4 protein chains.
Amino acid sequence: MPGNTFGTLFRITTAGESHGPGNVVIIDGVPAGIELSVDDLQPDLDRRRPGQSKVTTQRKEADEPEILSGVFEGRTTGTSIAILIRNEDQRSKDYADIKDKYRPGHADYTFDAKYGFRDYRGGGRSSARETNVRVAAGAVAKKLLRQWHGVSIVGYVKQIGHLAADIPSPEKVTLEQVESNIVRCPDAEVAEQMVELIEQMRTEMDSVGGIAEVVASGVPAGWGEPVFDKLKADLGKAMFTLPAVMGVEYGAGFGVATARGSANNDLFTTLDGRITTRSNRHGGMLGGISSGLPVVIRCAIKPTSSIPREQETVTSRGEPTTISTKGRHDPCLLPRFVPMAEAMVAIVLADHCLRQNAMTRANPS
Amino acid sequence: MPGNTFGTLFRITTAGESHGPGNVVIIDGVPAGIELSVDDLQPDLDRRRPGQSKVTTQRKEADEPEILSGVFEGRTTGTSIAILIRNEDQRSKDYADIKDKYRPGHADYTFDAKYGFRDYRGGGRSSARETNVRVAAGAVAKKLLRQWHGVSIVGYVKQIGHLAADIPSPEKVTLEQVESNIVRCPDAEVAEQMVELIEQMRTEMDSVGGIAEVVASGVPAGWGEPVFDKLKADLGKAMFTLPAVMGVEYGAGFGVATARGSANNDLFTTLDGRITTRSNRHGGMLGGISSGLPVVIRCAIKPTSSIPREQETVTSRGEPTTISTKGRHDPCLLPRFVPMAEAMVAIVLADHCLRQNAMTRANPS
Amino acid sequence: MPGNTFGTLFRITTAGESHGPGNVVIIDGVPAGIELSVDDLQPDLDRRRPGQSKVTTQRKEADEPEILSGVFEGRTTGTSIAILIRNEDQRSKDYADIKDKYRPGHADYTFDAKYGFRDYRGGGRSSARETNVRVAAGAVAKKLLRQWHGVSIVGYVKQIGHLAADIPSPEKVTLEQVESNIVRCPDAEVAEQMVELIEQMRTEMDSVGGIAEVVASGVPAGWGEPVFDKLKADLGKAMFTLPAVMGVEYGAGFGVATARGSANNDLFTTLDGRITTRSNRHGGMLGGISSGLPVVIRCAIKPTSSIPREQETVTSRGEPTTISTKGRHDPCLLPRFVPMAEAMVAIVLADHCLRQNAMTRANPS
Amino acid sequence: MPGNTFGTLFRITTAGESHGPGNVVIIDGVPAGIELSVDDLQPDLDRRRPGQSKVTTQRKEADEPEILSGVFEGRTTGTSIAILIRNEDQRSKDYADIKDKYRPGHADYTFDAKYGFRDYRGGGRSSARETNVRVAAGAVAKKLLRQWHGVSIVGYVKQIGHLAADIPSPEKVTLEQVESNIVRCPDAEVAEQMVELIEQMRTEMDSVGGIAEVVASGVPAGWGEPVFDKLKADLGKAMFTLPAVMGVEYGAGFGVATARGSANNDLFTTLDGRITTRSNRHGGMLGGISSGLPVVIRCAIKPTSSIPREQETVTSRGEPTTISTKGRHDPCLLPRFVPMAEAMVAIVLADHCLRQNAMTRANPS
């Protein structure tokens, strides 16, 4: 066991369920002296929380964090930081339906197979609700990265269904562009169509998948640890820890399958006296180590499993039955996925920032 | 640092470079009493080694393993198992070319940026040579999985360039089918075209990418640890630790981006009294926990970066120059990638086998 | 960094300071299905809390735990368990004295040297207050050990100053005996003298050290992992993580220095058909693996550093000054140390219980 | 499982048995650029190896290390370093005696209880032979510590039986003093008596225990990670991983049990403008963090379990029998224990050196 800890030096450990008292994260490995308050956490939490716009679930959660430790007089002390987000929307629903039936596409059955029973209220530990404290931890990681190295991390929606955004320069996308519309797609024109598609899904009692992209700019060359903790490996894992992620790629991604080496290789050159490459098909990582170019990573997100249509399934005793997931669900997970993905990218980069720093002699003597 | 260890309970730690004395793996966490000898390791090593066929590099390495510890009278003792594979093909080449020039697509530059200098002989630690001991460790993992749970793991080439194999039932592909041709593609017809394409690449002094697929059958429902060590997350990381992997997906993979929930959900049903699903778009994992269905995972492999054509690059001092990688390289990495991917899947599954076992009460009292 | 996590399979991560909002522990690796409520935690918390008797500090803390996750309908779910204990006695003291002065024997100076600044209120993270959540976690570990293997763990005070208890059979000491007096010494006669000595210390504005012993009975033979995670090594570390511990020994301990092998070896014999030893100088561990005999471990605890006498010291700028620790401190740490030590022993044993279980085949197939 | 890895950033993983092909260590986390060759390893290996003097076992092992990886052109590359030491003295003995009988004081019985069977040749994995690669790794750690921070580590024998050395200033003991006699005791007079005592033990077919002390000078203030990876906790664990260690203490150690706080507190003062303490009863660690004073740690070592006298025991089937350990054993483990203890102290300090470095901003930007 122990699957609730992530990271080596910048390390998070989480707990909490969808309908329990709350979710908590302990962040270990934050250097001392970084200014931190709940105001640093709230903006990303607001981007993740339910009920934020008409394209997301209408469930309401304020997601207000409380910092329980590790911060003194407005600065991190170097000791472990605990952040608690209490659950609010714990309405005493009738869960009889999902208590004994397996929702298609959900972890109900696999949790039962693993643990023998499960907290069925709203998905329990398998609910995406647990990601709220990850987003809080990610905000801390972002601060560290920005302050120590000027790294910035921006995620956005690249595709929903067949609607693909046109993003000529991923590294130039700004947070403002992303937040200018409720689907978080920097291509304003396609964004409008995406909103329509999501509303159509809600009407059709269906859901739709998509692709999100995260770009980390300013990552110095040299981060990532051969051979198992390559940056691509830790980022890849981080993305796959997020609910509904079915695929991850970086740089040219699956496009390399049909490419020739002569066209796929990014040629080295110099720019302003610094070594760089002419193109970035390698997604900012070579041999699993950052190259100094923007790190570009993409995730394929499946359509929400919870749909209000009636679907065939079985009970926990294996008897055939049907289920239609009532309640309030996102017809498309993408808009709220963006801050989750940014957070996990930030956590991995903060970890590798410290790992590389560990091996660099600070004070020659 | 420490990036040379992988796994929690079934854990491997490796060392070694392309042209040093050899590569070594220490496998920790193998239960006592499993029959083991070098004969269990050699078959997969032979599938991975260079020079095995006309479509691979013509470099020669026998890759004969020596078991240094952890096995007594033919059985594992429960203590750590060290396996050493000495390098043979350490011909004293003229490395002047790659010593000071950065090969496009390689880790030369990023290693320099990270460590300040590098073992440039044949790529040093960034060479795929290090995977030979992973394959040896994977053979041990396969034995454990087969013996304790009857799990079988089969990988194969699914696509090279635009040539895509037709694999109607991934879970029915056998090792014999895979090994019946030198590209390791179970679709015999397409396999022939693949061989031709690879030979064409060699003639054109170019290389080509592709997609490999690995299927693990017999994995019981319940493996994988929420929320960070989900089976999909650990498998995803494992695949990205392998050289040249640019993308990973499982089940329906990136295809979910354009799917609707109503079509994407695999509906639960029963078969022979056991709960299962009617389709396997979820790739054998729900909520990151195995569902009992075959685990299906795919990797996108980039075309070999080393090509004999002249390409522009810079020296370590940033001066423009050209480079053409001499030596003997695979025009396509896919055929030799298959056993590497199988090994990493086996190592992850063996780890989660033990992790799940840890939480299951063995001897009620 | 990351020093706030302990354990491999049964793993705790903690956060919290003396005068912050509260302390929290996340316990990862508790098998599903164990009955658990705050009632299981409170008894040991009451044994640890300040203000429990006249021989301890008169500070008041109720130490009431809240279980935030991982328990559903009265049973553990197998997911991570978070427990929060809010601080109550956060009176807004005048900390000016300890803010800039280094208290002798405390971590004020070393925290400053490490982090650049510190939460000086009541010792911040270096306060023994953080152990309250360890005691809560220990109560969970004790339940697991009792339920799966019938293990019982009893600690007590063996010596305070020169007053040494007479404990003829460590493995026969009961919790009732220990709790029958306020110093937690099972030798009733010496216990009375200990109470007097502690009161004398308070009168003399001084403090006194001592030795605590913990006995774990019912540990099956075979727990402990060569060569670094020997049971003695993990227990030894666990004890040294506790504040004020200056020495740890098990079995014959430092007495072996003057012993001969012929007298020190515990001879093997059989009892009721089971292999055992005639004596237990080995403290229940041979080669770092449990032998089936009671595990017996002892800690040397220094006299409380905080004493109300005036002592010479320096300011954080190195200027000479004096300090007398006002406030309410234990003149002897031993009585409250006992539940802390028991908790850490329980946590280590629960971890090794699961580690050994992981390697034992549960369901032959 | 996995108990064969030690350390977080400077991390060693070992494998090997007493009579197998050899022992191997993989050291992960050595920064790039440190000069390293086998000549750096041999001196400490020679201090540990059997057959070095008349007071040790007369078994012969050259213990010549081979560096398999991680060093290129005489310098560490930053990648994992594997070191192999082949076993030489694998004479085909008659092991019938120890195959089925449990040697008192040894791990024969507990290994059988744990694993179901064992490599009985010379103790297999439980033999102290495995420490040779730890000593090699320790030599690497010592180099790092010396080069980055000027830390020096010196261990010596402080007591054998009732013969206690007089060491007025532990921090002034030099390697030369230690190596000036074959028992490694810096008190020349007592050293002679120790030699006599050991020879007497051999004559009497008995063995004797003792106490070793290790002093690390030059450790900067600030190393050690609250609350679980305190320096004292990691050093304590490290010592207990070594065979035959029954007790560990630092600074005033068990002497604190009878001390008063007023006398035990080390008062802060300044020396040459630096904050320090007037005495070092705290053994160089406060709150588990180094204080800048010498780190002083002591281990109690039991008398060798293997003695040539006949002792009662049982067979693996529980039948009463007798055993007399033939072969060549140390009548006292202390002289050869010194380099092992130094190595483990060095490994812990190197780890904490890097851990502290990780959190210190190297390159402000």
# chains A, B, ... in the order shown; residues from 1 in each chain; ligands from 1
call {"tool": "closest_atom_pairs", "arguments": {"of": "chain D", "to": "chain A", "cutoff": "9 Å", "atoms": "only C-alpha atoms", "output": "CSV"}}
result
residue,atom,partner,partner_atom,distance
D:Thr8,CA,A:Thr8,CA,8.7
D:Leu9,CA,A:Ala358,CA,8.1
D:Gly29,CA,A:Met359,CA,7.7
D:Val30,CA,A:Met359,CA,7.7
D:Pro31,CA,A:Met359,CA,5.3
D:Ala32,CA,A:Met359,CA,7.9
D:Gly78,CA,A:Met359,CA,8.5
D:Thr79,CA,A:Pro226,CA,7.5
D:Gln147,CA,A:Ser365,CA,8.0
D:Trp148,CA,A:Ser365,CA,6.4
D:His149,CA,A:Ser365,CA,6.4
D:Gly150,CA,A:Ser365,CA,7.9
D:Glu225,CA,A:Thr79,CA,8.8
D:Pro226,CA,A:Thr79,CA,7.5
D:Val227,CA,A:Thr79,CA,8.8
D:Cys353,CA,A:Ala358,CA,8.7
D:Leu354,CA,A:Ala358,CA,5.2
D:Arg355,CA,A:Ala358,CA,6.4
D:Gln356,CA,A:Ala358,CA,7.6
D:Asn357,CA,A:Ala358,CA,5.1
D:Ala358,CA,A:Ala358,CA,3.6
D:Met359,CA,A:Pro31,CA,5.3
D:Thr360,CA,A:Ala362,CA,7.1
D:Arg361,CA,A:Ala362,CA,7.2
D:Ala362,CA,A:Ala362,CA,4.7
D:Asn363,CA,A:Ala362,CA,7.8
D:Pro364,CA,A:Trp148,CA,6.5
D:Ser365,CA,A:His149,CA,6.3
call {"tool": "residues_around", "arguments": {"residues": "Lys302 (chain D)", "least_positions_apart": "3", "cutoff": "8 Å", "atoms": "only C-alpha atoms", "output": "CSV table (one decimal) with N, CA and C atoms, in the first residue's frame"}}
result
chain,number,residue,atom,x,y,z
C,256,VAL,N,26.2,-6.0,27.3
C,256,VAL,CA,27.0,-6.9,26.6
C,256,VAL,C,28.4,-6.6,26.5
C,257,ALA,N,28.7,-5.3,26.8
C,257,ALA,CA,30.1,-4.8,26.6
C,257,ALA,C,31.1,-5.6,27.5
C,259,ALA,N,30.3,-8.7,28.8
C,259,ALA,CA,29.9,-10.1,28.8
C,259,ALA,C,30.8,-11.0,28.0
C,261,GLY,N,30.9,-14.4,25.5
C,261,GLY,CA,29.9,-15.1,24.6
C,261,GLY,C,29.3,-16.3,25.2
C,264,ASN,N,26.6,-15.0,27.3
C,264,ASN,CA,25.6,-14.1,26.6
C,264,ASN,C,24.7,-14.8,25.7
D,208,VAL,N,34.4,-11.8,23.8
D,208,VAL,CA,34.1,-10.7,24.7
D,208,VAL,C,33.5,-9.5,23.9
D,209,GLY,N,32.6,-8.8,24.6
D,209,GLY,CA,32.0,-7.6,23.9
D,209,GLY,C,32.8,-6.3,24.2
D,210,GLY,N,32.1,-5.2,23.8
D,210,GLY,CA,32.8,-3.9,24.0
D,210,GLY,C,32.0,-2.8,23.5
D,244,ALA,N,25.5,-7.4,15.6
D,244,ALA,CA,26.0,-7.5,17.0
D,244,ALA,C,25.8,-6.2,17.8
D,245,VAL,N,25.2,-5.1,17.2
D,245,VAL,CA,25.0,-3.9,18.0
D,245,VAL,C,23.7,-4.1,18.8
D,246,MET,N,23.9,-3.9,20.1
D,246,MET,CA,22.8,-4.1,21.1
D,246,MET,C,22.3,-2.8,21.7
D,305,SER,N,29.0,-14.4,18.8
D,305,SER,CA,28.2,-15.6,19.2
D,305,SER,C,28.9,-16.9,18.9
call {"tool": "atom_distance", "arguments": {"atom1": "CA of Ala165 (chain A)", "atom2": "CA of Leu242 (chain A)"}}
result
22.5 Å
call {"tool": "residues_around", "arguments": {"residues": "Leu36 (chain C)", "least_positions_apart": "3", "cutoff": "7 Å", "atoms": "only C-alpha atoms", "output": "PyMOL selection string"}}
result
chain C and resi 40+74-76
call {"tool": "residues_around", "arguments": {"residues": "region 179-191 of chain B", "least_positions_apart": "6", "cutoff": "10 Å", "atoms": "only C-alpha atoms", "output": "ChimeraX atom specification"}}
result
/B:47,52-56,155-160,163-168,170,173,197-198,212-213,332-339
call {"tool": "residues_around", "arguments": {"residues": "Gly123 (chain C)", "least_positions_apart": "2", "cutoff": "8 Å", "atoms": "only C-alpha atoms", "output": "list in words"}}
result
Glu17, Ser18, Ala107, Asp108, Asp119, Tyr120, Arg121, Arg125, Ser126 and Ser127 of chain C
call {"tool": "select_by_dssp", "arguments": {"residues": "region 94-149 of chain A", "states": "alpha helix (DSSP H)", "output": "JSON, numbers by chain"}}
result
{"A": [96, 97, 98, 99, 100, 108, 109, 110, 111, 112, 113, 114, 115, 131, 132, 133, 134, 135, 136, 137, 138, 139, 140, 141, 142, 143, 144, 145, 146, 147, 148, 149]}
call {"tool": "write_last_selection", "arguments": {"atoms": "N, CA and C atoms", "output": "compact mmCIF listing (two decimals), in the first residue's frame"}}
result
# COMPACT_ATOMS: atom_id res chain seq x y z
N ALA A 96 -28.90 4.76 -1.92
CA ALA A 96 -29.25 3.35 -2.07
C ALA A 96 -28.88 2.85 -3.47
N ASP A 97 -29.06 3.72 -4.46
CA ASP A 97 -28.85 3.30 -5.83
C ASP A 97 -27.40 2.90 -6.10
N ILE A 98 -26.47 3.75 -5.70
CA ILE A 98 -25.09 3.42 -6.02
C ILE A 98 -24.43 2.57 -4.95
N LYS A 99 -25.13 2.36 -3.84
CA LYS A 99 -24.55 1.54 -2.78
C LYS A 99 -24.35 0.11 -3.26
N ASP A 100 -25.32 -0.39 -3.98
CA ASP A 100 -25.27 -1.80 -4.36
C ASP A 100 -25.12 -2.03 -5.86
N ASP A 108 -16.36 1.83 -8.60
CA ASP A 108 -17.15 1.14 -7.57
C ASP A 108 -16.77 -0.33 -7.48
N TYR A 109 -16.76 -0.98 -8.62
CA TYR A 109 -16.48 -2.42 -8.63
C TYR A 109 -15.04 -2.71 -8.21
N THR A 110 -14.10 -1.95 -8.75
CA THR A 110 -12.70 -2.24 -8.44
C THR A 110 -12.38 -1.93 -6.98
N PHE A 111 -13.01 -0.91 -6.39
CA PHE A 111 -12.81 -0.66 -4.96
C PHE A 111 -13.35 -1.83 -4.13
N ASP A 112 -14.50 -2.31 -4.51
CA ASP A 112 -15.05 -3.47 -3.80
C ASP A 112 -14.13 -4.68 -3.92
N ALA A 113 -13.62 -4.89 -5.14
CA ALA A 113 -12.74 -6.03 -5.36
C ALA A 113 -11.47 -5.89 -4.53
N LYS A 114 -11.03 -4.66 -4.35
CA LYS A 114 -9.77 -4.42 -3.65
C LYS A 114 -9.94 -4.46 -2.14
N TYR A 115 -10.93 -3.73 -1.64
CA TYR A 115 -11.03 -3.51 -0.20
C TYR A 115 -12.13 -4.33 0.49
N THR A 131 -8.86 15.93 -5.52
CA THR A 131 -7.87 16.75 -6.23
C THR A 131 -7.85 18.20 -5.73
N ASN A 132 -8.84 18.58 -4.91
CA ASN A 132 -8.81 19.99 -4.47
C ASN A 132 -7.55 20.28 -3.65
N VAL A 133 -7.15 19.35 -2.79
CA VAL A 133 -5.93 19.62 -2.02
C VAL A 133 -4.66 19.49 -2.86
N ARG A 134 -4.76 18.72 -3.93
CA ARG A 134 -3.61 18.70 -4.86
C ARG A 134 -3.43 20.07 -5.49
N VAL A 135 -4.56 20.69 -5.83
CA VAL A 135 -4.49 22.01 -6.46
C VAL A 135 -3.91 23.02 -5.47
N ALA A 136 -4.27 22.88 -4.20
CA ALA A 136 -3.69 23.77 -3.18
C ALA A 136 -2.18 23.56 -3.10
N ALA A 137 -1.76 22.30 -3.09
CA ALA A 137 -0.32 22.00 -3.03
C ALA A 137 0.38 22.50 -4.28
N GLY A 138 -0.31 22.38 -5.41
CA GLY A 138 0.27 22.87 -6.66
C GLY A 138 0.52 24.36 -6.63
N ALA A 139 -0.35 25.08 -5.96
CA ALA A 139 -0.17 26.54 -5.86
C ALA A 139 1.11 26.87 -5.09
N VAL A 140 1.40 26.05 -4.08
CA VAL A 140 2.65 26.24 -3.33
C VAL A 140 3.85 25.92 -4.23
N ALA A 141 3.73 24.85 -4.97
CA ALA A 141 4.82 24.47 -5.89
C ALA A 141 5.07 25.56 -6.92
N LYS A 142 3.98 26.12 -7.44
CA LYS A 142 4.12 27.19 -8.43
C LYS A 142 4.89 28.38 -7.86
N LYS A 143 4.59 28.71 -6.59
CA LYS A 143 5.28 29.84 -5.96
C LYS A 143 6.78 29.58 -5.86
N LEU A 144 7.12 28.39 -5.43
CA LEU A 144 8.54 28.02 -5.32
C LEU A 144 9.22 28.11 -6.67
N LEU A 145 8.58 27.56 -7.69
CA LEU A 145 9.19 27.54 -9.03
C LEU A 145 9.36 28.94 -9.59
N ARG A 146 8.34 29.76 -9.38
CA ARG A 146 8.41 31.13 -9.89
C ARG A 146 9.52 31.90 -9.19
N GLN A 147 9.58 31.71 -7.86
CA GLN A 147 10.52 32.51 -7.08
C GLN A 147 11.96 32.08 -7.29
N TRP A 148 12.20 30.80 -7.34
CA TRP A 148 13.57 30.32 -7.48
C TRP A 148 14.06 30.37 -8.92
N HIS A 149 13.15 30.13 -9.89
CA HIS A 149 13.64 30.00 -11.27
C HIS A 149 12.81 30.73 -12.31
call {"tool": "atom_distance", "arguments": {"atom1": "CA of Val38 (chain D)", "atom2": "CA of Asn4 (chain B)"}}
result
22.1 Å
call {"tool": "select_by_dssp", "arguments": {"residues": "region 154-223 of chain B", "states": "strand (DSSP E)", "output": "list in words"}}
result
Val154, Gly155, Tyr156, Val157, Lys158, Gln159, Ile160, Leu163, Ala164, Gly210, Ile211, Ala212, Glu213, Val214, Val215, Ala216 and Ser217 of chain B
call {"tool": "closest_residue", "arguments": {"among": "C:Gly7, C:Phe254, C:Glu64, C:Ile275", "to": "Ile211 (chain D)", "atoms": "only C-alpha atoms"}}
result
C:Phe254
call {"tool": "atom_distance", "arguments": {"atom1": "CA of His352 (chain A)", "atom2": "CA of Leu231 (chain A)"}}
result
7.7 Å
